[in-house]
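Report on one structure; see the data block that follows.
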Amino acid sequence: MSEFSSYMEREYEVECDGQIVKLKPVKVWMLAPKGRRGVIIGLFKCPSGKVVRKAIGKAE
């Protein structure tokens with residue numbers, strides 16, 4: 001998880017119920033389909049309680 005710690009510290013603009021809100025991710029992981037480059041996915045919790053996933057980076 002240390003490789004994703006830099007992603008956990010930053011705030012990202014996430015759309016929550018039609019509004020853009022700056023949030024820190026609750027969880028971060030890599031999604032890498034076979035034969036394709038991976039993307040870093042962040043899980044965000046909106047103030048309303050809704051949970052949103054968003055791609056926040058590309059894997060090197």
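We name chains A, B, ... following the order of the structure tokens; residues begin at 1 in each chain, and ligands are numbered from 1 as shown.
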
Can you pull out the residues contacting Leu31 of chain A? Cut-off 7 Å, using only C-alpha atoms, and skip same-chain residues under 3 positions away; I want them as a list in words. Gly38, Val39, Ile40 and Ile41 of chain A

If DSSP is run on the backbone, what residues of chain A are strand (DSSP E)? A reply as a PyMOL selection string would be ideal. chain A and resi 12-16+19-23+27-31+39-45+51-58

Pull C-alpha atoms from the residues just selected and write them as a PDB file, in the first residue's frame.
ATOM      1  CA  TYR A  12      -9.259  15.244  -5.939  1.00  0.00           C
ATOM      2  CA  GLU A  13     -12.240  16.952  -7.523  1.00  0.00           C
ATOM      3  CA  VAL A  14     -15.131  14.495  -7.444  1.00  0.00           C
ATOM      4  CA  GLU A  15     -18.707  15.004  -8.641  1.00  0.00           C
ATOM      5  CA  CYS A  16     -21.196  14.408  -5.822  1.00  0.00           C
ATOM      6  CA  GLN A  19     -21.575  19.403  -7.411  1.00  0.00           C
ATOM      7  CA  ILE A  20     -17.781  19.280  -7.686  1.00  0.00           C
ATOM      8  CA  VAL A  21     -16.276  18.616  -4.255  1.00  0.00           C
ATOM      9  CA  LYS A  22     -12.603  18.238  -3.234  1.00  0.00           C
ATOM     10  CA  LEU A  23     -12.178  14.969  -1.338  1.00  0.00           C
ATOM     11  CA  LYS A  27      -9.254   3.595  -0.502  1.00  0.00           C
ATOM     12  CA  VAL A  28      -6.924   3.396  -3.531  1.00  0.00           C
ATOM     13  CA  TRP A  29      -6.141   0.387  -5.741  1.00  0.00           C
ATOM     14  CA  MET A  30      -4.899  -0.511  -9.200  1.00  0.00           C
ATOM     15  CA  LEU A  31      -7.201  -1.873 -11.872  1.00  0.00           C
ATOM     16  CA  VAL A  39      -5.249   2.740 -13.907  1.00  0.00           C
ATOM     17  CA  ILE A  40      -5.288   3.890 -10.294  1.00  0.00           C
ATOM     18  CA  ILE A  41      -8.841   3.976  -8.898  1.00  0.00           C
ATOM     19  CA  GLY A  42      -9.859   6.004  -5.857  1.00  0.00           C
ATOM     20  CA  LEU A  43     -12.916   5.396  -3.666  1.00  0.00           C
ATOM     21  CA  PHE A  44     -14.450   8.623  -2.345  1.00  0.00           C
ATOM     22  CA  LYS A  45     -17.199   9.181   0.224  1.00  0.00           C
ATOM     23  CA  VAL A  51     -19.746   6.442  -2.426  1.00  0.00           C
ATOM     24  CA  VAL A  52     -18.090   7.283  -5.764  1.00  0.00           C
ATOM     25  CA  ARG A  53     -15.208   5.649  -7.666  1.00  0.00           C
ATOM     26  CA  LYS A  54     -12.961   7.650  -9.964  1.00  0.00           C
ATOM     27  CA  ALA A  55      -9.786   7.033 -11.982  1.00  0.00           C
ATOM     28  CA  ILE A  56      -7.104   9.239 -10.412  1.00  0.00           C
ATOM     29  CA  GLY A  57      -3.948   8.166 -12.261  1.00  0.00           C
ATOM     30  CA  LYS A  58      -2.276   5.868 -14.757  1.00  0.00           C
TER      31      LYS A  58
END

Using DSSP on the backbone, list every residue of chain A that comes out as alpha helix (DSSP H), and give them as a PyMOL selection string. chain A and resi 5-9

Since we have the selection now, will you write its residues out, keeping C-alpha atoms, as an mmCIF file, in the first residue's frame?
data_model
loop_
_atom_site.group_PDB
_atom_site.id
_atom_site.type_symbol
_atom_site.label_atom_id
_atom_site.label_comp_id
_atom_site.auth_asym_id
_atom_site.auth_seq_id
_atom_site.Cartn_x
_atom_site.Cartn_y
_atom_site.Cartn_z
ATOM 1 C CA SER A 5 0.292 6.597 -0.139
ATOM 2 C CA SER A 6 0.961 9.661 -2.327
ATOM 3 C CA TYR A 7 -2.506 9.213 -3.886
ATOM 4 C CA MET A 8 -4.120 8.892 -0.429
ATOM 5 C CA GLU A 9 -2.680 12.244 0.739
#

Quick one: distance from atom CA of Glu3 of chain A to atom CA of Glu60 of chain A in Å, one decimal? 11.6 Å

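One distance worth recording is that between atom CA of Ala32 of chain A and atom CA of Lys50 of chain A, which is 25.1 Å.
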